[in-house]
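J.: This is the structure, below, for whatever I ask next.
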Amino acid sequence: MKIKFACLVLSLFITTTGIAQKKYEPTWESIDSRPVPQWFQDAKFGIFIHWGVYSVPSYIYINREGSVYDCYAEWYEILAMSRKGPSRDFHDKMYGKNFGYRQFAPMFKAELWNPDKWATLFKDAGAKYVILTSKHHDGYTLWPSTSPYSKGWNALEVGPKRDLVGDLTNAVRAKGLKMGLYYSLMEWESTPTVRPGNFNGYYLPDSIISKYKIPADKMISGHIIPQMKELVMKYQPAIIYPDGDWDEDDERLQSKEFLSWLYNNAPNKDEVAVNDRWGKVRGEHGGYYSREYADTDDVSNDHPWEEIQGMGYSFGYNRNEDIHDYRSSEELIHLLVNTVGRGGNLCLNVGPTADGRIPVIMEQRLLDIGEWLKINGEGIYGTKAWHNPAEAKLATAKVASTEEKKEKSAAEAAATSTNKEVFYTYKGNDLYILTTKLPESHLHVEGLTLPKGLKIELLGADILPKYKSKSGKLSIELPKVAPNAIKSKYAYVFKITGGAVDLPSK
């Protein structure tokens, strides 16, 4: 009997170990079979940090009527120094026509930086993870990279004279948050571009390319891949966020080979999450789908996704932005509700100054979000979005009635925008109704029939609203109370205990 029991235990061990140690092959079919870690899907809110040499000039001209992508201060070397216009005029006036980008590096000192203070702020903001730009498109690394092509162009050798990645990683993890790293797969000084209007097929003039270019046959196998593996083995990031893939082919980038190595060999291989920016495969392969200032349309519960946005126009700090360029706390909380209510994560960016401070206005916005999440986080963290099929049907009918939109599909018609006021999430058997506007008397929900006797509460208020539910319609009555009886501001969450048991199309 003991022998049979021992054999059974051994068999179970072998089976479960085999599952845990699945070998991932360097094919998209194999790589895509790996699920996005559940912790990432549950986290819902993270902080992005764009910080580097570009934080010294911290300037870009803002065309407030144009594209947000032309307002990125972290693109200073390209948008300000390599193109004619107001940003170039600013550079010439402030630093001189012959002042090169690499001359900014000694001025990037981070002399006021306190990584513990940053980590505390992110914790208080209610974030569950942090992503830092370990290397942006300028090639400057925030850690002491051992690549021979990063010699003299990293934070330990020039500028702060410290390991910024390591110091922030330790501080963030000490607060119980996950630490992730952004990494650029391209470098302006070395990567060709197919975009017209650039310098002989490169982003920068020949004088810079000839001085700093990494040989093409060394760029990927001798620089990019070793750097990414170094980050993995040294810091064990919970998220790897590649970028700069838009002109690249995933074969040249050796993306499948790297990802199979990562999933098989990373010290934290079960924890690590990645996005889909691996060389013209966005929205098709990799990990979670990454979106950037993409407020509308094509999202569902079928695949995890994340929206990244800044508080203003730029990701990197831009001294040229004023108070009117920053979104209010209310707008940012609505963005969070809208994103989570459509099934995604929001990763909200902060752009620190060159001396290591997070601008006070950004701190204030983050703390306001944190206060809101202390009250309403139950309807955010660990939830799944519910897309109300009755509302989708109504939206489809509305679109169909408009002549110029007759060709629009039902799926497109059902998509929500940031202007929608009501969203739904659920967790276990409980349903949460998130609304960006507090109803004056009643909240009406189409397509939802609830049995009698369920408990409905407004989070952050000691009141139990009454409800009526009949013929596929729910009406929640909000009693009249003093304004200070409701602690939440900007957006509100109704919790229906047991309300998710029989949700249609859940």
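In the structure tokens, the first chain shown is A, the next is B, and so on; residue numbers restart at 1 for each chain, and ligands run from 1 in the order shown.
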Would you return as a ChimeraX atom specification the members of stretch 101-335 of chain A that DSSP assigns to strand (DSSP E or B) on this structure's backbone?
T.: /A:129-135,141,154,178-184,192,199,202,239-243,273-274,289-292,305-309
J.: Which residues come within 7 Å of stretch 305-309 of chain A, counting only C-alpha atoms, excluding same-chain residues fewer than 4 positions away, as a list in words?
T.: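 Listed by chain and then number, they are Tyr288, Tyr289, Ser290, Arg291, Glu292, Tyr293, Gly344, Asn345, Leu346, Cys347, Leu348 and Asn349 of chain A.
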J.: May I have the selected residues written with C-alpha atoms, as a PDB file, in the first residue's frame?
T.:
ATOM      1  CA  TYR A 288      -0.046  41.745 -23.386  1.00  0.00           C
ATOM      2  CA  TYR A 289      -1.096  44.232 -26.051  1.00  0.00           C
ATOM      3  CA  SER A 290       0.319  47.727 -25.568  1.00  0.00           C
ATOM      4  CA  ARG A 291      -1.593  50.882 -26.471  1.00  0.00           C
ATOM      5  CA  GLU A 292      -0.437  54.507 -26.434  1.00  0.00           C
ATOM      6  CA  TYR A 293      -2.883  57.404 -26.304  1.00  0.00           C
ATOM      7  CA  GLY A 344      -7.245  46.980 -19.521  1.00  0.00           C
ATOM      8  CA  ASN A 345      -4.518  48.246 -17.232  1.00  0.00           C
ATOM      9  CA  LEU A 346      -3.604  51.925 -17.045  1.00  0.00           C
ATOM     10  CA  CYS A 347       0.091  52.757 -16.782  1.00  0.00           C
ATOM     11  CA  LEU A 348       0.258  56.490 -16.071  1.00  0.00           C
ATOM     12  CA  ASN A 349       3.503  58.291 -16.810  1.00  0.00           C
TER      13      ASN A 349
END
J.: When distances are computed from only C-alpha atoms, which of A:Lys470, A:Arg327, A:Lys427, A:Lys117 shows the smallest separation from A:Leu450?
T.: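 Using only C-alpha atoms, the shortest distance to A:Leu450 belongs to A:Lys470.
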J.: For A:Phe258, which of A:Gly139, A:Pro465, A:Pro451, A:Pro242 is the closest residue, counting only C-alpha atoms?
T.: A:Pro242
J.: With only C-alpha atoms as the counted atoms, please give the residues lying no more than 9 Å from A:Lys495, apart from itself and same-chain residues fewer than 6 positions off, as a list in words.
T.: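 These residues fall inside the cut-off: Glu378, Gly379, Asp430, Leu431, Tyr432, Ile433, Leu434, Lys455, Ile456, Glu457, Leu458 and Leu459 of chain A.
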J.: Quick one: residues within 12 Å of A:Glu321, only C-alpha atoms counted, chain neighbours fewer than 4 positions away excluded, as a PyMOL selection string?
T.: chain A and resi 58-64+71-73+311-317+325-327+351+359+361
J.: Could you name the residues that touch A:His223 at 9 Å or less, counting only C-alpha atoms, but leaving out those on the same chain fewer than 2 positions away, as a PyMOL selection string?
T.: chain A and resi 147-150+214+218-221+225-228
J.: Generate a file of the selected residues that holds C-alpha atoms, formatted as a PDB file, in the first residue's frame.
T.:
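After the write, selection-v2.pdb holds the following:
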ATOM      1  CA  SER A 147      28.151  46.318 -23.313  1.00  0.00           C
ATOM      2  CA  PRO A 148      31.336  47.739 -24.888  1.00  0.00           C
ATOM      3  CA  TYR A 149      29.091  50.069 -26.891  1.00  0.00           C
ATOM      4  CA  SER A 150      27.726  51.664 -23.695  1.00  0.00           C
ATOM      5  CA  ILE A 214      27.347  50.265 -33.612  1.00  0.00           C
ATOM      6  CA  LYS A 218      27.020  43.597 -33.766  1.00  0.00           C
ATOM      7  CA  MET A 219      23.907  45.639 -33.029  1.00  0.00           C
ATOM      8  CA  ILE A 220      21.542  42.799 -32.153  1.00  0.00           C
ATOM      9  CA  SER A 221      23.621  39.768 -31.158  1.00  0.00           C
ATOM     10  CA  ILE A 225      20.315  40.789 -26.762  1.00  0.00           C
ATOM     11  CA  PRO A 226      23.215  40.806 -24.242  1.00  0.00           C
ATOM     12  CA  GLN A 227      21.859  43.997 -22.653  1.00  0.00           C
ATOM     13  CA  MET A 228      18.363  42.565 -22.245  1.00  0.00           C
TER      14      MET A 228
END
J.: What's the 8 Å shell around stretch 281-287 of chain A, counting only C-alpha atoms, without same-chain residues fewer than 6 positions away, as a ChimeraX atom specification?
T.: /A:28,31-32,35-36,250,273-275
J.: Give me, as a PyMOL selection string, all polymer residues having an atom no more than 10 Å from A:Gly343, counting only C-alpha atoms and skipping those fewer than 6 positions away in the same chain.
T.: chain A and resi 41+44+299-306+337+383-387+424-425
J.: Have a look at A:Arg195, A:Lys420, A:Arg88, A:Arg34 and name the one nearest to A:Asn264; count only C-alpha atoms.
T.: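 Distance minimum relative to A:Asn264 lands on A:Arg34.
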J.: Nearest to A:Ile239: which of A:Lys175, A:Lys161, A:Lys151, A:Lys128 is it, counting only C-alpha atoms?
T.: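 Checking each of A:Lys175, A:Lys161, A:Lys151, A:Lys128 against A:Ile239, counting only C-alpha atoms, the winner is A:Lys128.
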J.: Restricting the calculation to only C-alpha atoms: of A:Arg342, A:Lys506, A:His50, A:Lys473, which residue gets closest to A:Thr133?
T.: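 Closest candidate: A:His50.
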J.: Which one of A:Ala390, A:Ile78, A:Ala43, A:Leu132 sits closest to A:Trp188 if you count only C-alpha atoms?
T.: A:Ile78
J.: As a PyMOL selection string, which residues of stretch 6-110 of chain A does DSSP assign to helix (DSSP H, G or I)?
T.: chain A and resi 6-20+28-32+38-43+53-55+68-71+73-79+86-95+101-107
J.: Rounded to one decimal, what separation in Å do you get between atom CA of A:Ser30 and atom CA of A:Ser260?
T.: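 For atom CA of A:Ser30 relative to atom CA of A:Ser260, the distance reads 8.4 Å.
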J.: Just how far from atom CA of A:Trp51 is atom CA of A:Gly356, in Å to one decimal?
T.: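 Separating atom CA of A:Gly356 from atom CA of A:Trp51 is a distance of 8.7 Å.
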J.: Find the nearest atom pair between each residue of stretch 22-122 of chain A and stretch 365-375 of chain A for residues within 12 Å, count only C-alpha atoms, give distances in Å to one decimal, sort rows by chain and ascending number, and present the table as JSON lines.
T.:
{"residue": "A:Lys44", "atom": "CA", "partner": "A:Leu373", "partner_atom": "CA", "distance": 11.2}
{"residue": "A:Phe45", "atom": "CA", "partner": "A:Leu373", "partner_atom": "CA", "distance": 10.0}
{"residue": "A:Gly46", "atom": "CA", "partner": "A:Leu366", "partner_atom": "CA", "distance": 10.9}
{"residue": "A:Ile47", "atom": "CA", "partner": "A:Leu366", "partner_atom": "CA", "distance": 9.5}
{"residue": "A:Trp118", "atom": "CA", "partner": "A:Leu366", "partner_atom": "CA", "distance": 11.2}
{"residue": "A:Thr120", "atom": "CA", "partner": "A:Leu367", "partner_atom": "CA", "distance": 10.6}
{"residue": "A:Leu121", "atom": "CA", "partner": "A:Leu367", "partner_atom": "CA", "distance": 7.4}
{"residue": "A:Phe122", "atom": "CA", "partner": "A:Leu366", "partner_atom": "CA", "distance": 7.5}
